[in-house]
Every structure is written in structure tokens, then in C-alpha cells.
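Below is one structure, written out as C-alpha cells; the observations come after it.
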Amino acid sequence: MQYINTNKLEKLEIKKENTYIILDFDKTITSFESKDSWAVCGLQLGEEFNEEADKIYEYYAPIEIDYTIDEKEKEKYIVEWYSKSINTYYEYNLTKEDIEKSIKQSNLTFRKGAKEFIKKANNCKIPLIILSAGIGNVIKEFLKKNECYFENMYIISNFIKFDEKGNMKKFDDKMIHTLNKSMEGHLSKEFEEKIKQKQHGILVGDLIDDTKMVPKEKLNEVITIGLLPNEINLDIYNKNFDIVLDKEDATFQNIEKLVFKNVSI
């Protein structure tokens with residue numbers, strides 16, 4: 001455990017009745033060792049695809065976590081990265097069946113306690129938003145496969161549309177990437193109404209930019225929790241999150257204990 005803003009925790013008095021939850025997916029709900037949903041999506045597309053995808057990832061991934069780069073400049077690279085990745089799926093003829101098979105053979109696993117946390121949130125009727133710059137189809141299928149896809153849940157992500165034969169048609173709607181991840185403008189009216197009825201939020205992510213999942217003006221009502229991927233950016237994480245958990249302590253059991261105190265969800 002690296003940092004806790006105890007004043008904010010005590011001030012907000014988080015309870016299951018007055019709270020909604022917003023979670024990142026890759027390396028947050030899933031374990032740090034898991035492949036991300038982009039990589040999982042293409043596991044059936046062959047060695048040549050994987051080599052090309054790896055080259056794209058190795059070039060752009062360090063830019064994503066370089067917080068010395070101006071944000072506008074960084075966004076150009078991120079959009080370029082996502083566009084190239086999307087075009088590679090088109091090029092190698094991704095199908096719906098490919099995704100289903102890929103999830104079965106992937107190393108996608110839950111972060112410790114995440115599966116139970118999601119199920120408890122559903123049992124307590126706490127609205128839960130999953131907001132990911134990854135692939136929504138992978139997220140949805142993974143949760144369904146693990147019996148963790150519930151009515152209290154809303155997924156905001158990049159969804160692929162398929163034709164009647166299961167061939168990839170296009171990505172749906174506006175691209176969601178690391179720097180524009182926000183629940184604002186993406187929720188259904190019904191789910192937005194649920195959120196309006198809640199006083200506080202709990203936000204969990206593994207990147208600094210995950211704090212943008214909630215509009216800036218609402219951050220004073222939200223407990224933000226950063227799951228530290230490495231010690232390099234510790235100071236930046238401490239400045240941006242209310243709670244920072246390192247690899248050893250970054251479990252959903254700890255998140256539940258810290259945030260809900262004596263109120264079990």
C-alpha cells in the first residue's frame with residue numbers, strides 16, 4: 001500500500017446505498033499478467049498477425065505511459081495506434097467466432113477478488129460501469145463466460161460489429177482510447193438516471209488517465225483508486241489518486257475493506 005487520502009475517505013462516508021462503481025477492464029478487473037483485450041481479440045489470426053500487432057504495440061505502448069509528453073501531442077500517437085490496430089483486424093479478416101475461440105484459449109484471468117467484488121456489487125444493486133479503451137466484445141464474452149455479466153452493469157468500450165455471417169464489419173461509434181475515456185455522453189438514459197441518484201462513486205484503474213472516466217467536476221464526490229503497475233510513476237500516482245495500491249496490495253478485497261470500511265458489500 002502506497003498512499004491513502006484518509007481525509008477524503010472519512011468525509012465521503014461511502015455506503016452501498018449511495019454509491020456507484022466505475023472500473024477499467026484491462027489490468028484492473030483482469031490481472032496484471034493477463035493479455036489486454038486487444039491482444040486477446042486476435043489470438044486466432046495467426047503468427048503473421050501477432051508479429052505485426054506486437055510491432056505496433058511495442059512502438060506505441062511506451063508513449064501511452066510517458067507522462068512527460070504534451071497531452072495533445074500524445075493523443076495524435078494514441079489515435080494513430082488504435083487506427084492501425086483496427087485496420088490490422090480488418091486486414092486479417094477477424095470473425096465473431098475468432099473472438100469466442102480466443103477467449104477460451106487466452107490467459108485472461110481476474111485480478112484477485114475482482115470476480116467476487118463484481119458479484120457482490122450486483123447482489124447489493126450497486127450500479128457498475130466498466131469503461132475500457134479495449135475491445136468491448138472481449139470484455140462482454142469474458143464476463144459472460146465467468147457468469148459475471150449482470151443487469152446492474154453497463155459496458156462502455158470499442159465494440160466490433162459483425163455481419164450476419166459473423167465477419168467483421170466495423171467498429172461501432174466513436175473510438176474510445178486512453179485519453180478520451182469518460183462515462184459522460186456514453187450511458188443510456190436509464191443508467192444515467194441510476195447514477196444521478198447516487199451521491200458518490202468509486203473509480204478503479206491502473207493508468208493515470210483512468211481518473212478521467214468521471215467528469216472533472218464530479219471528482220470531489222468520487223474515491224479514485226490507482227493500481228500501481230510499477231514504482232517508476234509512484235509520485236504521479238500519489239498526486240492523482242486518493243488511494244494507490246502497489247502490486248502486492250492491489251486486490252479487490254483490499255479495495256472493499258478500505259472504501260466500504262465496516263459496510264460489507
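Letters A, B, ... go to the chains of the C-alpha cells in the order shown; residues in each chain start at 1; ligands are counted from 1 in the same order.
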Might you pull out every residue within 7 Å of range 115-128 of chain A, with only C-alpha atoms counted and same-chain residues fewer than 4 positions away left off, and present them as number ranges by chain?
A: 16, 19-22, 110, 148, 150, 152-154, 252, 265
Nearby residues (only C-alpha atoms) at most 9 Å from Ser102 in chain A, same-chain spacing under 4 positions excluded, as a PyMOL selection string
chain A and resi 40-44+97-98+106+138
Next, dump the selected residues to file, keeping only C-alpha atoms, as an mmCIF file, in the first residue's frame.
```cif
data_model
loop_
_atom_site.group_PDB
_atom_site.id
_atom_site.type_symbol
_atom_site.label_atom_id
_atom_site.label_comp_id
_atom_site.auth_asym_id
_atom_site.auth_seq_id
_atom_site.Cartn_x
_atom_site.Cartn_y
_atom_site.Cartn_z
ATOM 1 C CA VAL A 40 -6.822 -11.465 -26.931
ATOM 2 C CA CYS A 41 -9.057 -10.406 -29.814
ATOM 3 C CA GLY A 42 -6.510 -11.510 -32.423
ATOM 4 C CA LEU A 43 -5.222 -14.770 -30.978
ATOM 5 C CA GLN A 44 -6.821 -16.818 -33.783
ATOM 6 C CA GLU A 97 -16.036 -16.994 -33.962
ATOM 7 C CA ASP A 98 -12.373 -15.950 -33.726
ATOM 8 C CA SER A 106 -6.348 -16.813 -23.658
ATOM 9 C CA VAL A 138 -13.937 -9.484 -25.498
#
```
With only C-alpha atoms counted and 9 Å as the cut-off, give the residues of range 26-57 of chain A in contact with range 70-94 of chain A, each with its shortest interatomic distance in Å and the pair that gives it, as JSON lines.
```
{"residue": "A:Trp38", "atom": "CA", "partner": "A:Ser85", "partner_atom": "CA", "distance": 8.2}
{"residue": "A:Cys41", "atom": "CA", "partner": "A:Leu94", "partner_atom": "CA", "distance": 8.4}
{"residue": "A:Gly42", "atom": "CA", "partner": "A:Tyr89", "partner_atom": "CA", "distance": 7.3}
{"residue": "A:Gln44", "atom": "CA", "partner": "A:Leu94", "partner_atom": "CA", "distance": 8.4}
{"residue": "A:Leu45", "atom": "CA", "partner": "A:Tyr92", "partner_atom": "CA", "distance": 6.6}
{"residue": "A:Gly46", "atom": "CA", "partner": "A:Tyr92", "partner_atom": "CA", "distance": 8.8}
{"residue": "A:Phe49", "atom": "CA", "partner": "A:Tyr92", "partner_atom": "CA", "distance": 7.0}
{"residue": "A:Glu52", "atom": "CA", "partner": "A:Thr88", "partner_atom": "CA", "distance": 8.1}
{"residue": "A:Ala53", "atom": "CA", "partner": "A:Ser85", "partner_atom": "CA", "distance": 6.9}
{"residue": "A:Ile56", "atom": "CA", "partner": "A:Trp81", "partner_atom": "CA", "distance": 7.0}
{"residue": "A:Tyr57", "atom": "CA", "partner": "A:Trp81", "partner_atom": "CA", "distance": 7.8}
```
Output C-alpha atoms for every residue in the selection just made, as a short mmCIF file (atom, residue, chain, number, x, y, z; two decimals), in the first residue's frame.
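What landed in out.cif:
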```cif
data_model
loop_
_atom_site.label_atom_id
_atom_site.label_comp_id
_atom_site.auth_asym_id
_atom_site.auth_seq_id
_atom_site.Cartn_x
_atom_site.Cartn_y
_atom_site.Cartn_z
CA TRP A 38 -6.80 -6.04 -27.98
CA CYS A 41 -9.06 -10.41 -29.81
CA GLY A 42 -6.51 -11.51 -32.42
CA GLN A 44 -6.82 -16.82 -33.78
CA LEU A 45 -5.40 -14.72 -36.63
CA GLY A 46 -2.06 -16.43 -36.96
CA PHE A 49 -0.84 -11.10 -37.47
CA GLU A 52 2.52 -7.20 -36.83
CA ALA A 53 0.35 -6.48 -33.76
CA ILE A 56 2.54 -1.79 -33.30
CA TYR A 57 2.19 -2.35 -29.54
#
```
DSSP on the backbone: what in range 68-263 of chain A comes out strand (DSSP E or B), as JSON, numbers by chain?
{"A": [95, 110, 128, 129, 130, 131, 132, 133, 134, 135, 153, 154, 155, 156, 157, 158, 160, 161, 162, 167, 168, 169, 170, 171, 200, 201, 202, 203, 204, 205, 222, 223, 224, 225, 226, 227, 243, 244, 245]}
Residue with smallest distance to Lys112 in chain A - pool A:Leu179, A:Leu234, A:Ile129, A:Ile29, counting only C-alpha atoms:
A:Ile29
I'd like a table as a Markdown table: residues in range 12-84 of chain A with an atom no more than 9 Å from range 212-222 of chain A, each row giving the shortest atom pair and its distance in Å to one decimal, only C-alpha atoms counted, sorted by chain and rising residue number.
```
| residue | atom | partner | partner_atom | distance |
| --- | --- | --- | --- | --- |
| A:Leu12 | CA | A:Glu221 | CA | 7.0 |
| A:Ile22 | CA | A:Met213 | CA | 7.7 |
| A:Leu23 | CA | A:Met213 | CA | 8.7 |
| A:Asp24 | CA | A:Met213 | CA | 8.5 |
```
Same residues, all heavy atoms, output as a PDB file, in the first residue's frame:
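Final output, saved to result-v9.pdb:
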```
ATOM      1  N   LEU A  12     -16.432  11.428   2.792  1.00  0.00           N
ATOM      2  CA  LEU A  12     -17.473  10.984   1.849  1.00  0.00           C
ATOM      3  C   LEU A  12     -18.425   9.932   2.421  1.00  0.00           C
ATOM      4  O   LEU A  12     -19.530   9.777   1.922  1.00  0.00           O
ATOM      5  CB  LEU A  12     -16.825  10.452   0.564  1.00  0.00           C
ATOM      6  CG  LEU A  12     -16.108  11.479  -0.310  1.00  0.00           C
ATOM      7  CD1 LEU A  12     -15.703  10.863  -1.641  1.00  0.00           C
ATOM      8  CD2 LEU A  12     -16.969  12.711  -0.572  1.00  0.00           C
ATOM      9  N   ILE A  22     -17.131   2.558 -10.928  1.00  0.00           N
ATOM     10  CA  ILE A  22     -16.666   2.622 -12.313  1.00  0.00           C
ATOM     11  C   ILE A  22     -15.272   1.993 -12.381  1.00  0.00           C
ATOM     12  O   ILE A  22     -14.356   2.403 -11.669  1.00  0.00           O
ATOM     13  CB  ILE A  22     -16.694   4.070 -12.861  1.00  0.00           C
ATOM     14  CG1 ILE A  22     -16.214   4.114 -14.299  1.00  0.00           C
ATOM     15  CG2 ILE A  22     -15.914   5.036 -11.993  1.00  0.00           C
ATOM     16  CD1 ILE A  22     -16.580   5.391 -15.028  1.00  0.00           C
ATOM     17  N   LEU A  23     -15.138   0.959 -13.206  1.00  0.00           N
ATOM     18  CA  LEU A  23     -13.908   0.185 -13.288  1.00  0.00           C
ATOM     19  C   LEU A  23     -13.339   0.175 -14.703  1.00  0.00           C
ATOM     20  O   LEU A  23     -14.071   0.019 -15.680  1.00  0.00           O
ATOM     21  CB  LEU A  23     -14.154  -1.274 -12.885  1.00  0.00           C
ATOM     22  CG  LEU A  23     -14.815  -1.572 -11.538  1.00  0.00           C
ATOM     23  CD1 LEU A  23     -15.030  -3.070 -11.399  1.00  0.00           C
ATOM     24  CD2 LEU A  23     -13.982  -1.043 -10.389  1.00  0.00           C
ATOM     25  N   ASP A  24     -12.026   0.314 -14.793  1.00  0.00           N
ATOM     26  CA  ASP A  24     -11.313  -0.009 -16.027  1.00  0.00           C
ATOM     27  C   ASP A  24     -11.312  -1.538 -16.148  1.00  0.00           C
ATOM     28  O   ASP A  24     -11.581  -2.244 -15.159  1.00  0.00           O
ATOM     29  CB  ASP A  24      -9.884   0.546 -15.917  1.00  0.00           C
ATOM     30  CG  ASP A  24      -8.994   0.080 -17.049  1.00  0.00           C
ATOM     31  OD1 ASP A  24      -9.384   0.243 -18.220  1.00  0.00           O
ATOM     32  OD2 ASP A  24      -7.907  -0.459 -16.759  1.00  0.00           O
TER      33      ASP A  24
END
```
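Closest approach to Glu13 in chain A among A:Lys169, A:Lys55, A:His200, A:Lys104: A:His200, based on only C-alpha atoms.
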Shell around Ser132 in chain A at 8 Å using only C-alpha atoms, local window under 5 positions removed, as a list in words:
Asp24, Phe25, Asp26, Ile155, Ile156, Ser157, Asn158, Ile176, His177 and Lys181 of chain A
